[in-house]
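> Below is the file my_file.cif, with mmCIF, C-alpha atoms.
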```cif
data_my_file
#
loop_
_atom_site.label_atom_id
_atom_site.label_comp_id
_atom_site.auth_asym_id
_atom_site.auth_seq_id
_atom_site.Cartn_x
_atom_site.Cartn_y
_atom_site.Cartn_z
CA MET A 1 -181.46 -43.58 -144.70
CA PHE A 2 -183.75 -45.77 -146.73
CA LYS A 3 -185.00 -47.66 -143.72
CA TYR A 4 -186.95 -44.54 -142.78
CA PHE A 5 -188.91 -44.90 -145.98
CA GLU A 6 -190.42 -48.11 -144.71
CA PRO A 7 -194.13 -47.51 -144.12
CA ASN A 8 -194.00 -49.02 -140.63
CA LYS A 9 -191.21 -46.71 -139.50
CA ILE A 10 -192.95 -43.62 -140.87
CA PHE A 11 -196.30 -44.72 -139.52
CA SER A 12 -194.98 -45.16 -135.99
CA ILE A 13 -194.14 -41.44 -136.00
CA THR A 14 -196.99 -39.99 -138.03
CA SER A 15 -199.72 -41.93 -136.21
CA LYS A 16 -198.74 -40.40 -132.87
CA ALA A 17 -198.16 -36.85 -134.14
CA PRO A 18 -201.77 -35.69 -134.85
CA LYS A 19 -202.89 -35.39 -131.22
CA TYR A 20 -199.94 -33.11 -130.37
CA VAL A 21 -200.48 -31.04 -133.51
CA LEU A 22 -204.20 -30.78 -132.70
CA PHE A 23 -203.42 -29.54 -129.18
CA LEU A 24 -200.95 -26.96 -130.48
CA PHE A 25 -203.40 -25.89 -133.20
CA ILE A 26 -206.19 -25.27 -130.66
CA VAL A 27 -203.87 -23.21 -128.44
CA ILE A 28 -202.48 -21.07 -131.30
CA LEU A 29 -205.91 -20.65 -132.89
CA SER A 30 -207.40 -19.46 -129.58
CA ILE A 31 -204.63 -16.89 -129.19
CA GLY A 32 -204.95 -15.86 -132.84
CA LEU A 33 -208.73 -15.47 -132.76
CA THR A 34 -208.67 -13.51 -129.48
CA GLU A 35 -206.04 -11.22 -130.95
CA ALA A 36 -207.81 -10.86 -134.29
CA LEU A 37 -211.39 -10.45 -133.10
CA ILE A 38 -211.08 -8.71 -129.73
CA LEU A 39 -207.66 -7.28 -128.88
CA SER A 40 -206.49 -5.87 -132.20
CA PRO A 41 -207.58 -2.31 -133.07
CA GLU A 42 -209.99 -1.41 -135.85
CA ASP A 43 -208.64 0.13 -139.04
CA TYR A 44 -208.72 3.92 -139.54
CA LYS A 45 -210.50 3.57 -142.87
CA GLN A 46 -212.38 0.29 -143.08
CA SER A 47 -213.01 -0.06 -139.28
CA HIS A 48 -214.01 -3.62 -138.32
CA SER A 49 -213.89 -5.06 -141.84
CA VAL A 50 -210.13 -5.32 -141.33
CA ARG A 51 -210.73 -8.41 -139.16
CA ILE A 52 -211.62 -10.40 -142.28
CA MET A 53 -208.01 -9.92 -143.36
CA TYR A 54 -206.78 -12.10 -140.48
CA VAL A 55 -208.44 -15.08 -142.14
CA HIS A 56 -208.16 -14.01 -145.78
CA VAL A 57 -204.42 -13.32 -146.00
CA PRO A 58 -203.15 -16.39 -144.06
CA ALA A 59 -205.51 -18.64 -146.08
CA ALA A 60 -204.15 -17.21 -149.35
CA TRP A 61 -200.54 -17.62 -148.19
CA ILE A 62 -201.07 -21.21 -147.09
CA SER A 63 -202.81 -22.20 -150.32
CA LEU A 64 -199.95 -20.70 -152.38
CA GLY A 65 -197.35 -22.32 -150.13
CA ILE A 66 -198.96 -25.74 -150.36
CA PHE A 67 -199.22 -25.57 -154.14
CA SER A 68 -195.52 -24.69 -154.36
CA ALA A 69 -194.69 -27.58 -152.03
CA ILE A 70 -196.80 -30.01 -154.08
CA THR A 71 -195.05 -28.90 -157.26
CA PHE A 72 -191.61 -29.27 -155.70
CA LEU A 73 -192.43 -32.74 -154.36
CA SER A 74 -193.92 -33.86 -157.67
CA ILE A 75 -190.96 -32.64 -159.74
CA VAL A 76 -188.34 -34.13 -157.41
CA GLY A 77 -190.44 -37.29 -157.11
CA TYR A 78 -190.64 -37.53 -160.89
CA ILE A 79 -186.93 -36.94 -161.52
CA PHE A 80 -185.67 -39.32 -158.82
CA LYS A 81 -188.66 -41.70 -158.92
CA ILE A 82 -189.49 -41.34 -155.22
CA ARG A 83 -193.02 -42.67 -154.73
CA ASN A 84 -193.23 -41.40 -151.19
CA PHE A 85 -193.04 -37.78 -152.38
CA PHE A 86 -196.14 -38.25 -154.51
CA LEU A 87 -198.05 -39.58 -151.52
CA ILE A 88 -196.92 -36.60 -149.42
CA ALA A 89 -198.03 -34.25 -152.20
CA LYS A 90 -201.37 -36.01 -152.52
CA SER A 91 -201.96 -35.73 -148.77
CA LEU A 92 -201.10 -32.02 -148.76
CA ALA A 93 -203.46 -31.01 -151.56
CA PRO A 94 -206.91 -31.08 -149.82
CA SER A 95 -206.03 -28.47 -147.18
CA GLY A 96 -204.49 -26.30 -149.91
CA LEU A 97 -207.77 -26.34 -151.83
CA VAL A 98 -209.81 -25.63 -148.69
CA PHE A 99 -207.66 -22.59 -147.85
CA ASN A 100 -207.81 -21.43 -151.46
CA ILE A 101 -211.62 -21.46 -151.31
CA ILE A 102 -211.58 -19.75 -147.90
CA ALA A 103 -209.39 -16.99 -149.38
CA LEU A 104 -211.79 -16.50 -152.30
CA VAL A 105 -214.92 -16.49 -150.12
CA THR A 106 -213.55 -14.19 -147.40
CA GLY A 107 -212.19 -11.90 -150.12
CA SER A 108 -215.65 -11.70 -151.59
CA ILE A 109 -217.21 -10.96 -148.18
CA TRP A 110 -214.61 -8.23 -147.63
CA GLY A 111 -215.02 -6.85 -151.14
CA LYS A 112 -218.71 -6.07 -150.80
CA PRO A 113 -218.47 -3.52 -147.94
CA THR A 114 -215.13 -2.00 -149.03
CA TRP A 115 -215.00 -2.07 -152.82
CA GLY A 116 -218.74 -2.20 -153.35
CA THR A 117 -218.75 -5.46 -155.29
CA TRP A 118 -218.68 -9.17 -154.47
CA TRP A 119 -216.53 -10.08 -157.42
CA ALA A 120 -214.30 -8.36 -159.96
CA TRP A 121 -212.44 -9.97 -162.84
CA ASP A 122 -209.17 -8.32 -161.94
CA ALA A 123 -205.82 -10.08 -162.35
CA ARG A 124 -205.30 -11.07 -158.70
CA ILE A 125 -208.76 -12.50 -158.13
CA THR A 126 -208.93 -14.32 -161.47
CA SER A 127 -205.49 -15.89 -161.06
CA MET A 128 -206.48 -17.07 -157.57
CA LEU A 129 -209.58 -18.69 -159.08
CA ILE A 130 -207.35 -20.42 -161.64
CA LEU A 131 -205.23 -21.79 -158.77
CA ALA A 132 -208.38 -23.30 -157.24
CA LEU A 133 -209.14 -24.94 -160.60
CA PHE A 134 -205.64 -26.42 -160.68
CA TYR A 135 -206.12 -27.81 -157.17
CA ILE A 136 -209.40 -29.42 -158.26
CA MET A 137 -207.76 -30.84 -161.41
CA TYR A 138 -204.93 -32.25 -159.29
CA LEU A 139 -207.27 -33.94 -156.81
CA VAL A 140 -209.59 -35.26 -159.53
CA ALA A 141 -206.59 -36.75 -161.39
CA TRP A 142 -205.76 -38.85 -158.33
CA ARG A 143 -209.28 -40.27 -158.43
CA ILE A 144 -209.46 -40.86 -162.18
CA PHE A 145 -206.23 -42.74 -162.82
CA GLU A 146 -205.90 -46.17 -161.21
CA ASP A 147 -202.47 -46.96 -162.61
CA LYS A 148 -199.75 -45.60 -160.29
CA ASP A 149 -197.19 -44.67 -162.95
CA LYS A 150 -199.83 -42.85 -164.94
CA VAL A 151 -201.20 -40.92 -161.97
CA PHE A 152 -197.69 -39.78 -160.98
CA LYS A 153 -197.07 -38.44 -164.48
CA VAL A 154 -200.44 -36.74 -164.84
CA THR A 155 -200.31 -35.04 -161.44
CA SER A 156 -196.73 -33.88 -162.10
CA ILE A 157 -197.83 -32.27 -165.35
CA ILE A 158 -200.76 -30.55 -163.61
CA THR A 159 -198.47 -29.09 -160.95
CA ILE A 160 -195.92 -27.91 -163.53
CA LEU A 161 -198.68 -26.17 -165.50
CA GLY A 162 -200.12 -24.70 -162.31
CA ILE A 163 -196.85 -23.42 -160.85
CA ILE A 164 -196.55 -20.86 -163.69
CA ASN A 165 -199.65 -19.25 -162.19
CA VAL A 166 -198.11 -18.80 -158.73
CA PRO A 167 -195.70 -15.93 -159.57
CA ILE A 168 -198.52 -14.37 -161.61
CA ILE A 169 -200.71 -14.35 -158.48
CA LYS A 170 -197.89 -12.86 -156.42
CA TYR A 171 -196.93 -10.09 -158.84
CA SER A 172 -200.30 -9.43 -160.53
CA VAL A 173 -200.88 -6.44 -158.25
CA ASP A 174 -197.54 -4.90 -159.23
CA TRP A 175 -197.56 -5.64 -162.95
CA TRP A 176 -201.07 -4.47 -163.78
CA ASN A 177 -203.76 -2.09 -162.56
CA THR A 178 -205.91 -4.22 -160.29
CA LEU A 179 -208.75 -3.53 -157.91
CA HIS A 180 -206.92 -5.62 -155.33
CA GLN A 181 -204.44 -3.63 -153.26
CA PRO A 182 -200.71 -4.34 -153.53
CA ALA A 183 -198.88 -6.38 -150.88
CA SER A 184 -198.60 -4.76 -147.46
CA ILE A 185 -195.83 -7.01 -146.25
CA ASN A 186 -192.49 -6.96 -148.01
CA ILE A 187 -189.38 -8.76 -146.94
CA LEU A 188 -187.05 -6.03 -148.15
CA SER A 189 -188.92 -2.85 -147.20
CA LYS A 190 -190.92 -1.70 -144.21
CA SER A 191 -194.38 -3.24 -144.19
CA SER A 192 -197.32 -0.87 -144.48
CA ILE A 193 -199.34 -2.68 -141.88
CA HIS A 194 -199.25 -1.52 -138.27
CA ILE A 195 -197.47 -3.79 -135.77
CA SER A 196 -200.64 -4.21 -133.67
CA MET A 197 -202.28 -5.79 -136.72
CA LEU A 198 -199.23 -7.75 -137.82
CA PHE A 199 -199.16 -9.89 -134.68
CA PRO A 200 -202.66 -11.45 -135.04
CA LEU A 201 -201.95 -11.93 -138.76
CA MET A 202 -198.83 -13.96 -138.04
CA THR A 203 -200.52 -15.95 -135.24
CA MET A 204 -203.40 -16.86 -137.55
CA THR A 205 -200.90 -17.89 -140.24
CA ALA A 206 -199.22 -20.21 -137.73
CA ALA A 207 -202.62 -21.63 -136.72
CA PHE A 208 -203.60 -22.31 -140.34
CA ALA A 209 -200.22 -23.90 -141.04
CA LEU A 210 -200.77 -26.23 -138.06
CA PHE A 211 -204.24 -27.07 -139.34
CA SER A 212 -202.77 -27.99 -142.74
CA LEU A 213 -200.17 -30.13 -141.00
CA LEU A 214 -202.90 -31.89 -139.02
CA ILE A 215 -204.99 -32.67 -142.09
CA PHE A 216 -201.83 -33.71 -143.94
CA LEU A 217 -200.85 -36.18 -141.20
CA MET A 218 -204.32 -37.71 -141.15
CA LYS A 219 -204.38 -38.06 -144.96
CA TYR A 220 -200.85 -39.41 -145.04
CA ASN A 221 -201.62 -42.01 -142.37
CA THR A 222 -204.52 -43.21 -144.49
CA GLU A 223 -202.18 -43.61 -147.45
CA LEU A 224 -199.73 -45.59 -145.31
CA ILE A 225 -202.48 -47.85 -144.00
CA LYS A 226 -203.59 -48.49 -147.60
CA ILE A 227 -200.02 -49.54 -148.49
CA LYS A 228 -199.81 -51.76 -145.42
CA ASN A 229 -203.08 -53.47 -146.31
CA LYS A 230 -201.74 -54.22 -149.77
CA GLY A 231 -198.86 -56.01 -148.09
CA LEU A 232 -196.11 -53.90 -149.58
CA ASP A 233 -193.09 -53.58 -147.33
CA ARG A 234 -191.72 -50.38 -148.86
CA LEU A 235 -192.96 -47.34 -150.68
CA MET B 1 -173.29 -38.88 -160.05
CA TYR B 2 -176.89 -39.55 -160.91
CA GLY B 3 -177.84 -41.91 -163.69
CA ARG B 4 -178.44 -40.89 -167.30
CA LYS B 5 -182.21 -41.33 -166.94
CA VAL B 6 -182.34 -39.05 -163.90
CA ARG B 7 -180.39 -36.32 -165.74
CA LEU B 8 -182.63 -36.70 -168.78
CA ARG B 9 -185.77 -36.31 -166.67
CA PHE B 10 -184.23 -33.29 -164.93
CA PHE B 11 -183.55 -31.52 -168.25
CA PHE B 12 -187.00 -32.53 -169.49
CA VAL B 13 -188.68 -30.80 -166.53
CA ILE B 14 -186.48 -27.69 -166.85
CA LEU B 15 -187.26 -27.50 -170.56
CA ILE B 16 -191.01 -27.79 -169.96
CA LEU B 17 -190.85 -25.06 -167.31
CA ILE B 18 -188.91 -22.65 -169.53
CA THR B 19 -191.16 -23.29 -172.52
CA LEU B 20 -194.31 -22.84 -170.46
CA ALA B 21 -193.08 -19.70 -168.70
CA LEU B 22 -192.16 -18.14 -172.04
CA SER B 23 -195.43 -19.01 -173.76
CA VAL B 24 -197.51 -17.80 -170.82
CA PHE B 25 -195.46 -14.61 -170.71
CA LEU B 26 -196.07 -13.94 -174.41
CA LEU B 27 -199.75 -14.83 -174.12
CA VAL B 28 -200.35 -12.53 -171.16
CA LYS B 29 -198.26 -9.78 -172.76
CA SER B 30 -200.40 -9.85 -175.88
CA LEU B 31 -203.58 -9.82 -173.79
CA GLU B 32 -202.38 -7.00 -171.53
CA GLU B 33 -205.25 -4.80 -172.69
CA ASN B 34 -207.72 -7.21 -171.06
CA VAL B 35 -205.65 -8.09 -168.02
CA ILE B 36 -205.59 -4.57 -166.64
CA PHE B 37 -208.68 -3.82 -164.60
CA PHE B 38 -208.84 -0.08 -165.27
CA LYS B 39 -207.16 2.69 -167.24
CA SER B 40 -205.62 5.75 -165.66
CA PRO B 41 -206.55 9.27 -166.87
CA THR B 42 -203.14 9.50 -168.58
CA GLU B 43 -203.84 6.30 -170.53
CA ILE B 44 -207.26 7.69 -171.48
CA LYS B 45 -205.62 10.89 -172.79
CA ALA B 46 -203.32 8.77 -174.94
CA LEU B 47 -206.21 6.90 -176.62
CA SER B 48 -206.43 7.50 -180.34
CA GLU B 49 -210.19 7.00 -180.48
CA ILE B 50 -213.05 6.85 -178.03
CA GLY B 51 -214.93 3.56 -178.16
CA GLU B 52 -218.60 2.93 -177.51
CA LYS B 53 -217.79 0.04 -175.19
CA LYS B 54 -218.02 0.05 -171.42
CA ILE B 55 -214.63 0.69 -169.82
CA ARG B 56 -213.20 1.27 -166.37
CA ILE B 57 -211.11 4.22 -165.29
CA GLY B 58 -209.26 4.52 -162.01
CA GLY B 59 -207.24 6.91 -159.92
CA MET B 60 -207.60 9.21 -156.93
CA VAL B 61 -210.67 11.31 -156.22
CA LYS B 62 -209.33 14.85 -156.38
CA LYS B 63 -209.43 16.87 -153.18
CA GLU B 64 -212.53 19.06 -152.83
CA SER B 65 -213.93 17.90 -156.14
CA ILE B 66 -217.02 15.97 -155.02
CA ILE B 67 -220.22 17.87 -155.80
CA ILE B 68 -223.61 16.35 -155.00
CA ILE B 69 -226.55 17.77 -156.93
CA SER B 70 -229.78 16.05 -155.85
CA LYS B 71 -229.30 12.45 -157.07
CA GLU B 72 -226.23 13.14 -159.15
CA ILE B 73 -222.68 13.02 -157.91
CA ARG B 74 -219.82 14.70 -159.78
CA PHE B 75 -216.16 14.33 -159.03
CA ILE B 76 -212.73 14.42 -160.67
CA VAL B 77 -210.51 11.37 -161.03
CA THR B 78 -206.83 12.24 -161.10
CA ASP B 79 -203.52 10.40 -161.37
CA PHE B 80 -201.69 13.65 -160.52
CA LYS B 81 -200.83 14.13 -164.20
CA ASN B 82 -204.19 14.18 -165.93
CA GLU B 83 -207.80 14.47 -164.81
CA ILE B 84 -211.22 13.26 -165.90
CA ASN B 85 -214.64 14.55 -164.82
CA VAL B 86 -216.99 11.80 -163.72
CA VAL B 87 -220.75 11.95 -163.39
CA TYR B 88 -222.65 9.22 -161.57
CA SER B 89 -226.05 8.69 -160.04
CA GLY B 90 -226.54 5.91 -157.58
CA VAL B 91 -225.08 4.43 -154.43
CA VAL B 92 -221.37 4.82 -153.71
CA PRO B 93 -219.41 2.39 -151.48
CA ASN B 94 -218.61 3.40 -147.90
CA LEU B 95 -214.95 3.90 -148.64
CA PHE B 96 -215.59 6.34 -151.46
CA ALA B 97 -214.01 9.62 -150.35
CA GLU B 98 -211.82 12.48 -151.51
CA GLU B 99 -208.12 11.67 -151.89
CA LYS B 100 -208.91 7.93 -151.93
CA GLY B 101 -208.64 5.44 -154.73
CA VAL B 102 -211.63 4.87 -156.98
CA VAL B 103 -212.55 2.75 -159.99
CA ALA B 104 -215.45 3.90 -162.15
CA GLU B 105 -217.15 1.67 -164.70
CA GLY B 106 -219.08 3.27 -167.53
CA TYR B 107 -218.82 5.11 -170.82
CA LEU B 108 -216.30 7.64 -171.99
CA LYS B 109 -218.11 10.54 -173.63
CA ASP B 110 -214.98 12.47 -174.50
CA LYS B 111 -211.47 12.57 -173.10
CA ASN B 112 -212.53 14.80 -170.21
CA PHE B 113 -215.94 13.43 -169.41
CA PHE B 114 -216.93 10.01 -168.11
CA LEU B 115 -220.45 8.78 -167.46
CA ALA B 116 -220.21 6.14 -164.72
CA THR B 117 -222.70 3.32 -164.22
CA LYS B 118 -220.90 1.78 -161.24
CA ILE B 119 -218.45 3.08 -158.67
CA LEU B 120 -215.97 0.86 -156.82
CA ALA B 121 -213.74 2.08 -154.01
CA LYS B 122 -210.13 0.99 -154.16
CA HIS B 123 -208.41 0.18 -150.91
CA ASP B 124 -204.71 0.84 -150.48
CA GLU B 125 -202.16 -1.36 -148.74
CA ASN B 126 -202.00 0.70 -145.54
CA TYR B 127 -203.52 -0.72 -142.40
CA MET B 128 -203.32 1.11 -139.08
CA PRO B 129 -205.42 1.96 -136.03
CA PRO B 130 -207.21 5.36 -136.04
CA GLU B 131 -204.92 6.74 -133.31
CA VAL B 132 -201.83 6.07 -135.40
CA LYS B 133 -203.45 7.77 -138.39
CA ALA B 134 -204.26 10.79 -136.22
CA ALA B 135 -200.70 10.90 -134.91
CA LEU B 136 -199.33 10.70 -138.47
CA GLU B 137 -201.52 13.60 -139.57
CA GLU B 138 -200.33 15.78 -136.70
CA LYS B 139 -196.72 15.48 -137.79
#
```
Any chance you could give the structure as structure tokens?

Amino acid sequence: MFKYFEPNKIFSITSKAPKYVLFLFIVILSIGLTEALILSPEDYKQSHSVRIMYVHVPAAWISLGIFSAITFLSIVGYIFKIRNFFLIAKSLAPSGLVFNIIALVTGSIWGKPTWGTWWAWDARITSMLILALFYIMYLVAWRIFEDKDKVFKVTSIITILGIINVPIIKYSVDWWNTLHQPASINILSKSSIHISMLFPLMTMTAAFALFSLLIFLMKYNTELIKIKNKGLDRL
Amino acid sequence: MYGRKVRLRFFFVILILITLALSVFLLVKSLEENVIFFKSPTEIKALSEIGEKKIRIGGMVKKESIIIISKEIRFIVTDFKNEINVVYSGVVPNLFAEEKGVVAEGYLKDKNFFLATKILAKHDENYMPPEVKAALEEK
């Protein structure tokens, strides 16, 4: 199994993958955008503003998902001392931050016509802002610390601190009175979002996930090339 | 089995997580007053004293309660248990309507009267096309 952790072996796969992922991303995104902007119906209450949701919600999901993945990789990497996991986590982080910012900005654009305000310090919005700060801290830590052992420890600590915030984001709308509406999609009960709107939402989520994968592969390849140039034969 | 060091690190991480989760829980619990975005009419009724500070109240706009007198708008916020009269002059958001969620920011004059300086519309978690809404109402 360990032979697959050799940079050359990994690189031979990950260097070819981006073009296929890019192709798939363009196809899914085209379908998603056509569905979201043209084919899907307007909402009974907020009319066309609902279309912002097709970007806002997938972006928020992806940024939460990536932060959870980074935390998992960092903790497992720390316990079992797997350096490769830290590099995977590092390569995942930028797209997580980008989607986090997209979620905040689109939320703000949606908030003005529907709520009547650009920003509110309610629990959901504030905790999402805190997540963005944790992403920035995580990425800055990689730039500050030169020493590998130190950077692994510091980034692990940042993710462990940040992961406490993730369930708070998820349940903030249920635990407290917030301006933000509660979740429309529940695994256990019937979702309160009409099926004609659910389809573009899921397609856009798939498109954003592919975009994250694409950026991840490009970042990860760079990391592998850096290792190769240093002349190290394993991670 | 895994080495001693690995097990130690595993317990270390678990311990940090539990400690952090507990301290954050206690911190947020003690700050609950500030975490909630608005108070419901029932919570307002339960207040022991009326402060001078700006607060937010929220609930549903009661059916057939909106009265517009020149520049002033009056309506009743209800949580189906208690009610508060709200007076406001200014622009209301597009989604502000009867039987819809609302958050009003302003000053509580007494337990039944609220002078709003800002009105926010609250959106619920239901999304559907207009035809579906019409079909639901017919039922």
> Using only C-alpha atoms, determine which residues lie at most 10 Å from A:Val105, disregarding the query and same-chain residues fewer than 4 positions distant; provide the list as a list in words.
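Result of the neighbour search: His56, Phe99, Asn100, Ile101, Ile109, Trp110, Gly111, Trp118 and Trp119 of chain A.
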> Would you give me, as CSV, each residue of chain A having an atom within 10 Å of an atom of chain B, along with its shortest atom pair and that distance in Å to one decimal, using only C-alpha atoms and sorting by chain and residue number?

```
residue,atom,partner,partner_atom,distance
A:Ser40,CA,B:Pro129,CA,8.8
A:Pro41,CA,B:Pro129,CA,5.6
A:Glu42,CA,B:Pro129,CA,5.7
A:Asp43,CA,B:Pro129,CA,4.8
A:Tyr44,CA,B:Pro130,CA,4.1
A:Lys45,CA,B:Leu95,CA,7.3
A:Gln46,CA,B:Leu95,CA,7.1
A:Ser47,CA,B:Pro129,CA,8.5
A:Val50,CA,B:Tyr127,CA,8.1
A:Ile75,CA,B:Val13,CA,7.4
A:Val76,CA,B:Phe10,CA,8.6
A:Tyr78,CA,B:Arg9,CA,7.7
A:Ile79,CA,B:Arg9,CA,5.3
A:Phe80,CA,B:Val6,CA,6.1
A:Lys81,CA,B:Val6,CA,8.5
A:Gly111,CA,B:Ala121,CA,9.5
A:Lys112,CA,B:Pro93,CA,8.5
A:Pro113,CA,B:Asn94,CA,6.9
A:Thr114,CA,B:Leu95,CA,5.9
A:Trp115,CA,B:Ala121,CA,4.5
A:Gly116,CA,B:Pro93,CA,5.0
A:Thr117,CA,B:Leu120,CA,7.1
A:Ala120,CA,B:Phe37,CA,8.6
A:Trp121,CA,B:Phe37,CA,7.4
A:Asp122,CA,B:Phe37,CA,5.3
A:Ala123,CA,B:Val35,CA,6.0
A:Arg124,CA,B:Val35,CA,9.8
A:Thr126,CA,B:Val35,CA,9.6
A:Ser156,CA,B:Val13,CA,9.7
A:Ile157,CA,B:Val13,CA,9.3
A:Ile160,CA,B:Leu17,CA,6.9
A:Leu161,CA,B:Leu20,CA,7.4
A:Ile163,CA,B:Leu17,CA,9.0
A:Ile164,CA,B:Ala21,CA,6.2
A:Asn165,CA,B:Val24,CA,9.0
A:Ile168,CA,B:Phe25,CA,9.6
A:Ser172,CA,B:Val35,CA,9.3
A:Val173,CA,B:Ile36,CA,9.8
A:Trp175,CA,B:Ile36,CA,8.9
A:Trp176,CA,B:Ile36,CA,5.3
A:Asn177,CA,B:Ile36,CA,5.1
A:Thr178,CA,B:Phe37,CA,5.1
A:Leu179,CA,B:Lys122,CA,6.0
A:His180,CA,B:Lys122,CA,7.4
A:Gln181,CA,B:Asp124,CA,5.3
A:Pro182,CA,B:Glu125,CA,5.8
A:Ala183,CA,B:Glu125,CA,6.4
A:Ser184,CA,B:Glu125,CA,5.1
A:Ile185,CA,B:Glu125,CA,8.8
A:Ser191,CA,B:Asn126,CA,8.7
A:Ser192,CA,B:Asn126,CA,5.0
A:Ile193,CA,B:Tyr127,CA,4.6
A:His194,CA,B:Met128,CA,4.9
A:Ile195,CA,B:Met128,CA,8.3
A:Ser196,CA,B:Met128,CA,8.0
A:Met197,CA,B:Met128,CA,7.4
A:Leu198,CA,B:Tyr127,CA,9.4
```
> Those residues with C-alpha atoms, as an mmCIF file, in the coordinates of the input please?

```cif
data_model
loop_
_atom_site.group_PDB
_atom_site.id
_atom_site.type_symbol
_atom_site.label_atom_id
_atom_site.label_comp_id
_atom_site.auth_asym_id
_atom_site.auth_seq_id
_atom_site.Cartn_x
_atom_site.Cartn_y
_atom_site.Cartn_z
ATOM 1 C CA SER A 40 -206.490 -5.870 -132.200
ATOM 2 C CA PRO A 41 -207.580 -2.310 -133.070
ATOM 3 C CA GLU A 42 -209.990 -1.410 -135.850
ATOM 4 C CA ASP A 43 -208.640 0.130 -139.040
ATOM 5 C CA TYR A 44 -208.720 3.920 -139.540
ATOM 6 C CA LYS A 45 -210.500 3.570 -142.870
ATOM 7 C CA GLN A 46 -212.380 0.290 -143.080
ATOM 8 C CA SER A 47 -213.010 -0.060 -139.280
ATOM 9 C CA VAL A 50 -210.130 -5.320 -141.330
ATOM 10 C CA ILE A 75 -190.960 -32.640 -159.740
ATOM 11 C CA VAL A 76 -188.340 -34.130 -157.410
ATOM 12 C CA TYR A 78 -190.640 -37.530 -160.890
ATOM 13 C CA ILE A 79 -186.930 -36.940 -161.520
ATOM 14 C CA PHE A 80 -185.670 -39.320 -158.820
ATOM 15 C CA LYS A 81 -188.660 -41.700 -158.920
ATOM 16 C CA GLY A 111 -215.020 -6.850 -151.140
ATOM 17 C CA LYS A 112 -218.710 -6.070 -150.800
ATOM 18 C CA PRO A 113 -218.470 -3.520 -147.940
ATOM 19 C CA THR A 114 -215.130 -2.000 -149.030
ATOM 20 C CA TRP A 115 -215.000 -2.070 -152.820
ATOM 21 C CA GLY A 116 -218.740 -2.200 -153.350
ATOM 22 C CA THR A 117 -218.750 -5.460 -155.290
ATOM 23 C CA ALA A 120 -214.300 -8.360 -159.960
ATOM 24 C CA TRP A 121 -212.440 -9.970 -162.840
ATOM 25 C CA ASP A 122 -209.170 -8.320 -161.940
ATOM 26 C CA ALA A 123 -205.820 -10.080 -162.350
ATOM 27 C CA ARG A 124 -205.300 -11.070 -158.700
ATOM 28 C CA THR A 126 -208.930 -14.320 -161.470
ATOM 29 C CA SER A 156 -196.730 -33.880 -162.100
ATOM 30 C CA ILE A 157 -197.830 -32.270 -165.350
ATOM 31 C CA ILE A 160 -195.920 -27.910 -163.530
ATOM 32 C CA LEU A 161 -198.680 -26.170 -165.500
ATOM 33 C CA ILE A 163 -196.850 -23.420 -160.850
ATOM 34 C CA ILE A 164 -196.550 -20.860 -163.690
ATOM 35 C CA ASN A 165 -199.650 -19.250 -162.190
ATOM 36 C CA ILE A 168 -198.520 -14.370 -161.610
ATOM 37 C CA SER A 172 -200.300 -9.430 -160.530
ATOM 38 C CA VAL A 173 -200.880 -6.440 -158.250
ATOM 39 C CA TRP A 175 -197.560 -5.640 -162.950
ATOM 40 C CA TRP A 176 -201.070 -4.470 -163.780
ATOM 41 C CA ASN A 177 -203.760 -2.090 -162.560
ATOM 42 C CA THR A 178 -205.910 -4.220 -160.290
ATOM 43 C CA LEU A 179 -208.750 -3.530 -157.910
ATOM 44 C CA HIS A 180 -206.920 -5.620 -155.330
ATOM 45 C CA GLN A 181 -204.440 -3.630 -153.260
ATOM 46 C CA PRO A 182 -200.710 -4.340 -153.530
ATOM 47 C CA ALA A 183 -198.880 -6.380 -150.880
ATOM 48 C CA SER A 184 -198.600 -4.760 -147.460
ATOM 49 C CA ILE A 185 -195.830 -7.010 -146.250
ATOM 50 C CA SER A 191 -194.380 -3.240 -144.190
ATOM 51 C CA SER A 192 -197.320 -0.870 -144.480
ATOM 52 C CA ILE A 193 -199.340 -2.680 -141.880
ATOM 53 C CA HIS A 194 -199.250 -1.520 -138.270
ATOM 54 C CA ILE A 195 -197.470 -3.790 -135.770
ATOM 55 C CA SER A 196 -200.640 -4.210 -133.670
ATOM 56 C CA MET A 197 -202.280 -5.790 -136.720
ATOM 57 C CA LEU A 198 -199.230 -7.750 -137.820
#
```
> What is the distance, in Å and to one decimal place, between atom CA of A:Val140 and atom CA of A:Thr155?
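A separation of 9.5 Å between them.
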> Write out as a PyMOL selection string which residues come within 12 Å of B:Val87 when counting all atoms listed in the file, dropping same-chain ones fewer than 2 positions away.
chain B and resi 65-69+71-77+84-85+89-90+104-109+112-119
> Expanded to explicit residues, what is the PyMOL selection byres ((chain A and resi 35-38) around 7) for this file, as a ChimeraX atom specification?
/A:31-34,39-40,51,54,200
> Between atom CA of B:Asp79 and atom CA of B:Gly59, what is the distance in Å, rounded to a tenth?
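Computed distance, atom CA of B:Asp79 to atom CA of B:Gly59, equals 5.3 Å.
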> Mind listing as a ChimeraX atom specification all residues within 9 Å of (-198.4, -25.8, -155.9), counting only C-alpha atoms?
/A:63-72,93,96,131,134-135,159-160,162-163,166
> Between atom CA of A:Gly107 and atom CA of A:Leu213, what is the distance, to one decimal in Å?
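Straight-line distance from atom CA of A:Gly107 to atom CA of A:Leu213 works out to 23.7 Å.
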> Between A:Leu133, A:Leu92, A:Met53, A:Leu73, which one has atoms that come closest to A:Asn221, using all atoms listed in the file?
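Checking each candidate against A:Asn221, we get A:Leu92 as the closest.
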> Counting all atoms listed in the file, which residue out of A:Ser108, A:Ser30, A:Ser12, A:Ser74 sits closest to A:Val151?
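Distance minimum relative to A:Val151 lands on A:Ser74.
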